[in-house]
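Trainee: Sharing model.txt below, compact mmCIF, C-alpha atoms and all ligand atoms:
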# COMPACT_ATOMS: atom_id res chain seq x y z
CA MET A 1 0.00 0.00 0.00
CA GLN A 2 1.34 3.41 -0.95
CA SER A 3 1.75 5.88 1.91
CA PRO A 4 0.30 9.37 1.54
CA THR A 5 2.75 12.24 1.17
CA LEU A 6 2.31 15.82 2.38
CA ASP A 7 -0.82 17.92 1.93
CA SER A 8 -1.02 21.55 0.85
CA GLN A 9 -1.47 22.99 4.37
CA HIS A 10 1.87 24.63 5.08
CA PRO A 11 4.31 21.94 4.00
CA PRO A 12 7.97 22.71 4.88
CA ALA A 13 8.80 25.77 2.77
CA PRO A 14 11.15 24.96 -0.16
CA LYS A 15 12.85 28.34 0.34
CA LEU A 16 13.85 27.36 3.87
CA ILE A 17 14.91 23.89 2.73
CA ASP A 18 17.09 25.36 -0.01
CA ALA A 19 19.09 27.31 2.57
CA CYS A 20 20.73 24.03 3.63
CA VAL A 21 24.10 23.65 1.91
CA HIS A 22 24.60 20.12 3.30
CA CYS A 23 27.82 21.11 5.07
CA GLY A 24 27.13 18.85 8.05
CA PHE A 25 28.22 21.35 10.72
CA CYS A 26 24.99 20.64 12.58
CA LEU A 27 25.63 16.92 12.96
CA SER A 28 27.96 17.16 15.91
CA THR A 29 25.49 19.22 17.95
CA CYS A 30 22.43 17.11 17.19
CA PRO A 31 21.71 14.73 20.10
CA SER A 32 19.66 12.31 18.01
CA TYR A 33 22.46 11.99 15.47
CA ARG A 34 25.04 11.57 18.21
CA ILE A 35 23.07 8.74 19.81
CA LEU A 36 21.67 7.00 16.72
CA GLY A 37 24.50 7.78 14.31
CA THR A 38 22.34 7.70 11.19
CA GLU A 39 22.17 10.50 8.65
CA MET A 40 18.37 10.42 8.60
CA ASP A 41 18.37 11.17 12.34
CA SER A 42 20.39 14.34 11.79
CA PRO A 43 19.15 17.85 10.90
CA ARG A 44 20.69 17.55 7.45
CA GLY A 45 19.04 14.20 6.83
CA ARG A 46 15.67 15.49 7.98
CA VAL A 47 15.91 18.58 5.79
CA TYR A 48 16.79 16.29 2.91
CA MET A 49 13.78 14.10 3.65
CA MET A 50 11.47 17.13 3.80
CA ASP A 51 12.67 18.07 0.34
CA ALA A 52 12.12 14.55 -0.95
CA LEU A 53 8.63 14.50 0.59
CA ASN A 54 7.78 17.85 -1.00
CA GLN A 55 8.95 16.53 -4.35
CA GLY A 56 6.93 13.34 -3.90
CA GLU A 57 10.11 11.26 -4.16
CA ILE A 58 9.44 9.43 -0.91
CA ASP A 59 6.33 8.63 1.10
CA LEU A 60 5.47 9.13 4.73
CA THR A 61 6.29 5.56 5.63
CA PRO A 62 6.64 4.48 9.28
CA ALA A 63 10.43 4.49 8.80
CA VAL A 64 10.45 8.07 7.50
CA VAL A 65 8.16 9.18 10.32
CA SER A 66 10.42 7.53 12.89
CA HIS A 67 13.29 9.78 11.79
CA PHE A 68 11.18 12.87 12.44
CA ASP A 69 9.89 11.46 15.72
CA SER A 70 13.47 11.02 16.90
CA CYS A 71 14.04 14.78 16.62
CA LEU A 72 13.92 16.24 20.12
CA GLY A 73 13.10 19.73 18.90
CA CYS A 74 15.96 21.03 21.01
CA LEU A 75 17.02 23.34 18.15
CA ALA A 76 20.71 23.00 18.96
CA CYS A 77 21.17 22.72 15.19
CA THR A 78 19.79 26.20 14.48
CA THR A 79 22.54 27.97 16.39
CA THR A 80 25.25 25.81 14.80
CA CYS A 81 24.13 26.23 11.21
CA PRO A 82 26.38 28.64 9.29
CA SER A 83 23.80 28.91 6.55
CA GLY A 84 21.03 30.09 8.89
CA VAL A 85 18.65 27.22 8.13
CA GLN A 86 15.46 27.87 10.07
CA TYR A 87 15.03 24.31 11.21
CA ASP A 88 12.57 25.42 13.88
CA LYS A 89 10.10 26.52 11.21
CA LEU A 90 10.74 23.44 9.12
CA ILE A 91 10.13 20.92 11.89
CA ALA A 92 7.12 22.94 13.11
CA ALA A 93 5.63 22.59 9.62
CA MET A 94 6.54 18.92 9.40
CA ARG A 95 5.01 17.63 12.63
CA PRO A 96 1.36 18.54 11.82
CA GLN A 97 1.83 17.09 8.34
CA ILE A 98 2.77 13.79 9.94
CA GLU A 99 -0.19 13.86 12.30
CA ARG A 100 -2.59 14.59 9.43
CA ASN A 101 -1.15 12.30 6.81
CA HIS A 102 0.28 9.34 8.67
CA GLN A 103 -1.86 6.79 10.46
CA ARG A 104 0.02 5.55 13.48
CA PRO A 105 -0.67 2.06 14.85
CA LEU A 106 -3.37 1.94 17.55
CA VAL A 107 -0.96 1.18 20.39
CA GLU A 108 1.23 4.11 19.40
CA ARG A 109 -1.79 6.40 19.16
CA LEU A 110 -2.93 5.40 22.65
CA TYR A 111 0.58 5.83 24.00
CA ARG A 112 0.84 9.32 22.52
CA GLN A 113 -2.60 10.29 23.85
CA PHE A 114 -1.47 9.13 27.28
CA ILE A 115 1.72 11.24 27.07
CA PHE A 116 0.05 14.38 25.70
CA GLY A 117 -2.87 14.07 28.10
CA LEU A 118 -0.61 13.75 31.10
CA PHE A 119 2.72 15.53 30.93
CA PRO A 120 1.52 19.09 30.17
CA TYR A 121 -0.82 18.91 33.20
CA PRO A 122 1.09 18.98 36.50
CA ASN A 123 -2.02 18.27 38.60
CA ARG A 124 -2.80 15.11 36.63
CA LEU A 125 0.83 14.06 36.70
CA ARG A 126 0.98 14.55 40.46
CA LEU A 127 -1.84 12.06 40.93
CA LEU A 128 0.07 9.45 38.95
CA LEU A 129 3.21 10.15 40.92
CA ILE A 130 1.62 9.15 44.24
CA PRO A 131 1.78 5.39 43.47
CA LEU A 132 5.19 5.89 41.87
CA PHE A 133 6.45 7.60 45.02
CA VAL A 134 5.26 4.60 47.07
CA TYR A 135 6.81 2.28 44.47
CA GLN A 136 10.19 3.94 44.96
CA LYS A 137 10.02 4.21 48.73
CA LEU A 138 9.08 0.54 49.17
CA GLY A 139 12.11 -0.50 47.12
CA LEU A 140 10.01 -2.02 44.35
CA GLN A 141 11.85 0.01 41.75
CA LYS A 142 15.10 -1.78 42.52
CA LEU A 143 13.41 -5.14 42.17
CA VAL A 144 11.72 -4.19 38.89
CA ARG A 145 14.98 -2.93 37.44
CA GLN A 146 16.87 -6.03 38.51
CA THR A 147 14.33 -8.43 37.05
CA ARG A 148 13.70 -6.23 33.95
CA ILE A 149 10.11 -7.38 34.11
CA VAL A 150 8.60 -4.18 32.64
CA GLU A 151 10.90 -4.47 29.62
CA LYS A 152 9.36 -7.82 28.84
CA VAL A 153 5.83 -6.39 29.02
CA SER A 154 6.35 -3.03 27.28
CA PRO A 155 9.62 -1.52 26.06
CA HIS A 156 7.90 1.91 25.99
CA LEU A 157 6.97 1.69 29.66
CA ALA A 158 10.41 0.34 30.51
CA ALA A 159 12.04 3.32 28.78
CA MET A 160 9.84 5.70 30.79
CA GLU A 161 10.52 3.82 34.00
CA SER A 162 14.27 3.99 33.41
CA ASN A 163 13.96 7.79 33.17
CA LEU A 164 11.94 8.16 36.34
CA PRO A 165 13.93 10.45 38.64
CA GLU A 166 13.92 10.01 42.38
CA LEU A 167 10.74 11.57 43.72
CA SER A 168 10.67 13.67 46.85
CA LEU A 169 7.95 15.34 48.90
CA SER A 170 8.58 18.60 47.01
CA THR A 171 7.11 16.84 43.97
CA PHE A 172 3.70 17.13 45.57
CA GLN A 173 3.69 20.82 46.42
CA ASP A 174 4.38 24.15 44.73
CA THR A 175 7.41 25.46 46.55
CA LEU A 176 7.87 28.85 44.89
CA PRO A 177 5.67 31.92 45.46
CA GLU A 178 4.38 34.25 42.75
CA LEU A 179 6.83 37.05 43.57
CA ILE A 180 10.37 36.63 44.87
CA PRO A 181 12.29 39.80 45.76
CA ALA A 182 15.87 40.45 44.66
CA GLN A 183 18.65 40.14 47.19
CA GLY A 184 20.03 43.64 47.81
CA THR A 185 19.36 46.31 45.20
CA GLN A 186 16.91 45.30 42.51
CA ARG A 187 18.42 45.59 39.02
CA TYR A 188 16.01 43.58 36.92
CA ARG A 189 12.53 42.12 36.95
CA VAL A 190 12.31 38.74 35.28
CA GLY A 191 9.62 36.19 34.60
CA MET A 192 10.29 32.54 35.23
CA ILE A 193 8.67 29.50 33.66
CA LEU A 194 8.82 26.49 35.95
CA GLY A 195 8.11 23.81 33.34
CA CYS A 196 5.25 21.31 33.65
CA VAL A 197 7.55 18.36 34.22
CA GLN A 198 10.54 20.17 35.69
CA LYS A 199 8.56 21.67 38.56
CA LEU A 200 7.60 18.16 39.67
CA PHE A 201 10.73 16.18 38.92
CA PHE A 202 13.52 18.73 39.10
CA ASP A 203 12.30 21.31 41.56
CA ARG A 204 15.87 21.69 42.82
CA VAL A 205 16.86 23.12 39.43
CA ASN A 206 14.16 25.78 39.73
CA GLN A 207 15.23 26.51 43.31
CA ALA A 208 18.83 26.95 42.16
CA THR A 209 17.73 29.23 39.31
CA VAL A 210 15.90 31.39 41.82
CA ARG A 211 19.00 31.62 44.01
CA VAL A 212 21.21 32.66 41.08
CA LEU A 213 18.74 35.22 39.72
CA THR A 214 17.93 36.85 43.06
CA ALA A 215 21.64 36.97 44.00
CA ASN A 216 22.15 38.90 40.77
CA GLY A 217 19.56 41.51 41.65
CA CYS A 218 16.54 40.04 39.90
CA GLU A 219 13.04 40.25 41.21
CA ILE A 220 11.29 37.14 39.95
CA VAL A 221 7.69 36.90 38.87
CA ILE A 222 6.32 33.38 38.54
CA PRO A 223 2.95 33.33 36.78
CA GLN A 224 0.72 30.96 38.71
CA SER A 225 -0.99 29.75 35.60
CA GLN A 226 1.54 28.40 33.13
CA GLY A 227 0.56 26.45 30.05
CA CYS A 228 2.56 23.93 28.10
CA CYS A 229 5.58 25.54 26.43
CA ALA A 230 6.17 22.72 23.94
S1 LIG B 1 24.65 23.08 9.33
FE1 LIG B 1 22.90 24.02 8.26
S2 LIG B 1 23.51 24.09 6.12
FE2 LIG B 1 24.91 22.68 7.12
S3 LIG B 1 23.94 20.64 6.84
FE3 LIG B 1 23.23 21.43 8.82
S4 LIG B 1 21.28 22.45 8.35
FE4 LIG B 1 22.37 22.19 6.40
S1 LIG B 2 16.16 20.06 16.91
FE1 LIG B 2 16.20 17.94 16.18
S2 LIG B 2 17.58 18.04 14.43
FE2 LIG B 2 17.98 19.90 15.62
S3 LIG B 2 19.67 19.38 17.04
FE3 LIG B 2 17.75 18.98 18.13
S4 LIG B 2 17.33 16.79 17.77
FE4 LIG B 2 18.82 17.44 16.22
Let me see the file written as structure tokens.
Ligand code: SF4
Ligand code: SF4
Mentor:
Amino acid sequence: MQSPTLDSQHPPAPKLIDACVHCGFCLSTCPSYRILGTEMDSPRGRVYMMDALNQGEIDLTPAVVSHFDSCLGCLACTTTCPSGVQYDKLIAAMRPQIERNHQRPLVERLYRQFIFGLFPYPNRLRLLLIPLFVYQKLGLQKLVRQTRIVEKVSPHLAAMESNLPELSLSTFQDTLPELIPAQGTQRYRVGMILGCVQKLFFDRVNQATVRVLTANGCEIVIPQSQGCCA
């Protein structure tokens, strides 16, 4: 069965694609390329694939989609690129094309719904973290990792489990107020985004950021309602 290609709703702009001179400078800064080591998992490879998709030379097959899925969207490549390729705009145009024109398998669709319905919502995530907190404190995590039982059931879940940081009580409360005064003379007023996931898992990073900013004369405003920044 032939896979559909891109539709006419804002496909990656050929003008932006043509800015890539294929020099490869971006490869060394791209985390997906550094881990996977394949050209198609690099910025250059993805730009090349966008061009081929636009030209109808390749289809949106599961393999092609997997190379776009592996892009973290970190945009490290944009600052490295000597040719000024606006990869941010290209990948932003590409992702909706994939969602519209590629039918993912049911399990993958459910998995993605679970992720997108959970991670941008700290209050929902907190509820899930209660059993995970107990799981860690009772030492079950050690047992699960030793026996690799989750890996046998679901590699996706096992990958998530392996990334689960150590949870602490601060995970379950908002520790920072809306307004934090500068230490000494105020020189700046800055806004701070806590991050949906970071504020639960890496609260210490936010605490450290507050210490650095206030020590440098910043008054910090933390909007109490923060949406997903992805
Ligand atoms: S650094 Fe820029 S121009 Fe060079 S291959 Fe990467 S995206 Fe293309
Ligand atoms: S945005 Fe994607 S292509 Fe660019 S450096 Fe990050 S992972 Fe690589």
Trainee: Could you list, as a ChimeraX atom specification, all protein and nucleic acid residues with an atom at most 6 Å from ligand LIG 2 (chain B), counting all atoms listed in the file?
Mentor: /A:29-32,42-43,71-77
Trainee: Using all atoms listed in the file, list the residues that have an atom at most 10 Å from (-0.2, 19.6, 2.8), coordinates as in the file, as a PyMOL selection string.
Mentor: chain A and resi 5-12+54+93-94+96-98+100-101
Trainee: Let's have the selection written as a PDB file, in the frame of the given file, with C-alpha atoms.
Mentor:
ATOM      1  CA  THR A   5       2.750  12.240   1.170  1.00  0.00           C
ATOM      2  CA  LEU A   6       2.310  15.820   2.380  1.00  0.00           C
ATOM      3  CA  ASP A   7      -0.820  17.920   1.930  1.00  0.00           C
ATOM      4  CA  SER A   8      -1.020  21.550   0.850  1.00  0.00           C
ATOM      5  CA  GLN A   9      -1.470  22.990   4.370  1.00  0.00           C
ATOM      6  CA  HIS A  10       1.870  24.630   5.080  1.00  0.00           C
ATOM      7  CA  PRO A  11       4.310  21.940   4.000  1.00  0.00           C
ATOM      8  CA  PRO A  12       7.970  22.710   4.880  1.00  0.00           C
ATOM      9  CA  ASN A  54       7.780  17.850  -1.000  1.00  0.00           C
ATOM     10  CA  ALA A  93       5.630  22.590   9.620  1.00  0.00           C
ATOM     11  CA  MET A  94       6.540  18.920   9.400  1.00  0.00           C
ATOM     12  CA  PRO A  96       1.360  18.540  11.820  1.00  0.00           C
ATOM     13  CA  GLN A  97       1.830  17.090   8.340  1.00  0.00           C
ATOM     14  CA  ILE A  98       2.770  13.790   9.940  1.00  0.00           C
ATOM     15  CA  ARG A 100      -2.590  14.590   9.430  1.00  0.00           C
ATOM     16  CA  ASN A 101      -1.150  12.300   6.810  1.00  0.00           C
TER      17      ASN A 101
END
Trainee: List all protein, DNA and RNA residues that have at least one atom no more than 12 Å from any atom of ligand LIG 1 (chain B), counting all atoms listed in the file, and write them as a PDB file with C-alpha atoms, keeping the file's coordinate frame.
Mentor:
ATOM      1  CA  LEU A  16      13.850  27.360   3.870  1.00  0.00           C
ATOM      2  CA  ILE A  17      14.910  23.890   2.730  1.00  0.00           C
ATOM      3  CA  ASP A  18      17.090  25.360  -0.010  1.00  0.00           C
ATOM      4  CA  ALA A  19      19.090  27.310   2.570  1.00  0.00           C
ATOM      5  CA  CYS A  20      20.730  24.030   3.630  1.00  0.00           C
ATOM      6  CA  VAL A  21      24.100  23.650   1.910  1.00  0.00           C
ATOM      7  CA  HIS A  22      24.600  20.120   3.300  1.00  0.00           C
ATOM      8  CA  CYS A  23      27.820  21.110   5.070  1.00  0.00           C
ATOM      9  CA  GLY A  24      27.130  18.850   8.050  1.00  0.00           C
ATOM     10  CA  PHE A  25      28.220  21.350  10.720  1.00  0.00           C
ATOM     11  CA  CYS A  26      24.990  20.640  12.580  1.00  0.00           C
ATOM     12  CA  LEU A  27      25.630  16.920  12.960  1.00  0.00           C
ATOM     13  CA  SER A  28      27.960  17.160  15.910  1.00  0.00           C
ATOM     14  CA  THR A  29      25.490  19.220  17.950  1.00  0.00           C
ATOM     15  CA  CYS A  30      22.430  17.110  17.190  1.00  0.00           C
ATOM     16  CA  TYR A  33      22.460  11.990  15.470  1.00  0.00           C
ATOM     17  CA  GLU A  39      22.170  10.500   8.650  1.00  0.00           C
ATOM     18  CA  MET A  40      18.370  10.420   8.600  1.00  0.00           C
ATOM     19  CA  ASP A  41      18.370  11.170  12.340  1.00  0.00           C
ATOM     20  CA  SER A  42      20.390  14.340  11.790  1.00  0.00           C
ATOM     21  CA  PRO A  43      19.150  17.850  10.900  1.00  0.00           C
ATOM     22  CA  ARG A  44      20.690  17.550   7.450  1.00  0.00           C
ATOM     23  CA  GLY A  45      19.040  14.200   6.830  1.00  0.00           C
ATOM     24  CA  ARG A  46      15.670  15.490   7.980  1.00  0.00           C
ATOM     25  CA  VAL A  47      15.910  18.580   5.790  1.00  0.00           C
ATOM     26  CA  TYR A  48      16.790  16.290   2.910  1.00  0.00           C
ATOM     27  CA  LEU A  75      17.020  23.340  18.150  1.00  0.00           C
ATOM     28  CA  ALA A  76      20.710  23.000  18.960  1.00  0.00           C
ATOM     29  CA  CYS A  77      21.170  22.720  15.190  1.00  0.00           C
ATOM     30  CA  THR A  78      19.790  26.200  14.480  1.00  0.00           C
ATOM     31  CA  THR A  79      22.540  27.970  16.390  1.00  0.00           C
ATOM     32  CA  THR A  80      25.250  25.810  14.800  1.00  0.00           C
ATOM     33  CA  CYS A  81      24.130  26.230  11.210  1.00  0.00           C
ATOM     34  CA  PRO A  82      26.380  28.640   9.290  1.00  0.00           C
ATOM     35  CA  SER A  83      23.800  28.910   6.550  1.00  0.00           C
ATOM     36  CA  GLY A  84      21.030  30.090   8.890  1.00  0.00           C
ATOM     37  CA  VAL A  85      18.650  27.220   8.130  1.00  0.00           C
ATOM     38  CA  GLN A  86      15.460  27.870  10.070  1.00  0.00           C
ATOM     39  CA  TYR A  87      15.030  24.310  11.210  1.00  0.00           C
ATOM     40  CA  ASP A  88      12.570  25.420  13.880  1.00  0.00           C
ATOM     41  CA  LEU A  90      10.740  23.440   9.120  1.00  0.00           C
ATOM     42  CA  ILE A  91      10.130  20.920  11.890  1.00  0.00           C
TER      43      ILE A  91
END
Trainee: For A:Leu169, which residue among A:Val134, A:Ala52, A:Ala208, A:Ala13 is the nearest when counting only C-alpha atoms?
Mentor: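 When distances to A:Leu169 are compared using only C-alpha atoms, the smallest one comes from A:Val134.
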Trainee: Would you mind telling me which residue in A:Leu157, A:Arg204, A:Thr147, A:Gln141 lies nearest to A:Thr175 when using all atoms listed in the file?
Mentor: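 Checking each of A:Leu157, A:Arg204, A:Thr147, A:Gln141 against A:Thr175, counting all atoms listed in the file, the winner is A:Arg204.
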Trainee: Taking all atoms listed in the file into account, name the residue in A:Arg34, A:Ala92, A:Gly195, A:Leu60 that is nearest to A:Cys228.
Mentor: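 Closest to A:Cys228, using all atoms listed in the file: A:Gly195.
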Trainee: Between A:Val64, A:Ile193, A:Ile115, A:Leu128, which has the minimum distance to A:His102 (counting all atoms listed in the file)?
Mentor: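 Distance minimum relative to A:His102 lands on A:Val64.
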Trainee: Please report the interatomic distance between atom CA of A:Ser162 and atom CA of A:Arg145 in Å with one decimal.
Mentor: 8.0 Å
Trainee: Quick one: pull the distance between atom CA of A:Leu167 and atom CA of A:Leu143, Å, one decimal.
Mentor: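 If I compute the distance from atom CA of A:Leu167 to atom CA of A:Leu143, I get 17.0 Å.
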Trainee: Kindly give the distance, in Å, that separates atom CA of A:Pro155 and atom CA of A:Asp69, rounded to a single decimal.
Mentor: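 Between atom CA of A:Pro155 and atom CA of A:Asp69 the gap works out to 16.6 Å.
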Trainee: For a quick check of understanding, using only C-alpha atoms, which of A:Gly139, A:Gln224, A:Met160, A:Leu125 has the smallest distance to A:Tyr111?
Mentor: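 Closest residue, counting only C-alpha atoms: A:Met160.
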Trainee: So that I can see what lies close to A:Arg211, please list as a list of chain:residue names the residues with an atom at most 12 Å from it, counting all atoms listed in the file and leaving out residues fewer than 5 positions away in the same chain.
Mentor: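 So, after excluding close chain neighbours, the residues are A:Leu176, A:Ile180, A:Pro181, A:Ala182, A:Gln183, A:Arg204, A:Val205, A:Asn206, A:Asn216, A:Gly217, A:Cys218, A:Glu219, A:Ile220.
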Trainee: Nearest to A:Lys199 among A:Ala215, A:Val153, A:Tyr121, A:Ala158, with distances taken over only C-alpha atoms: which residue is it?
Mentor: A:Tyr121
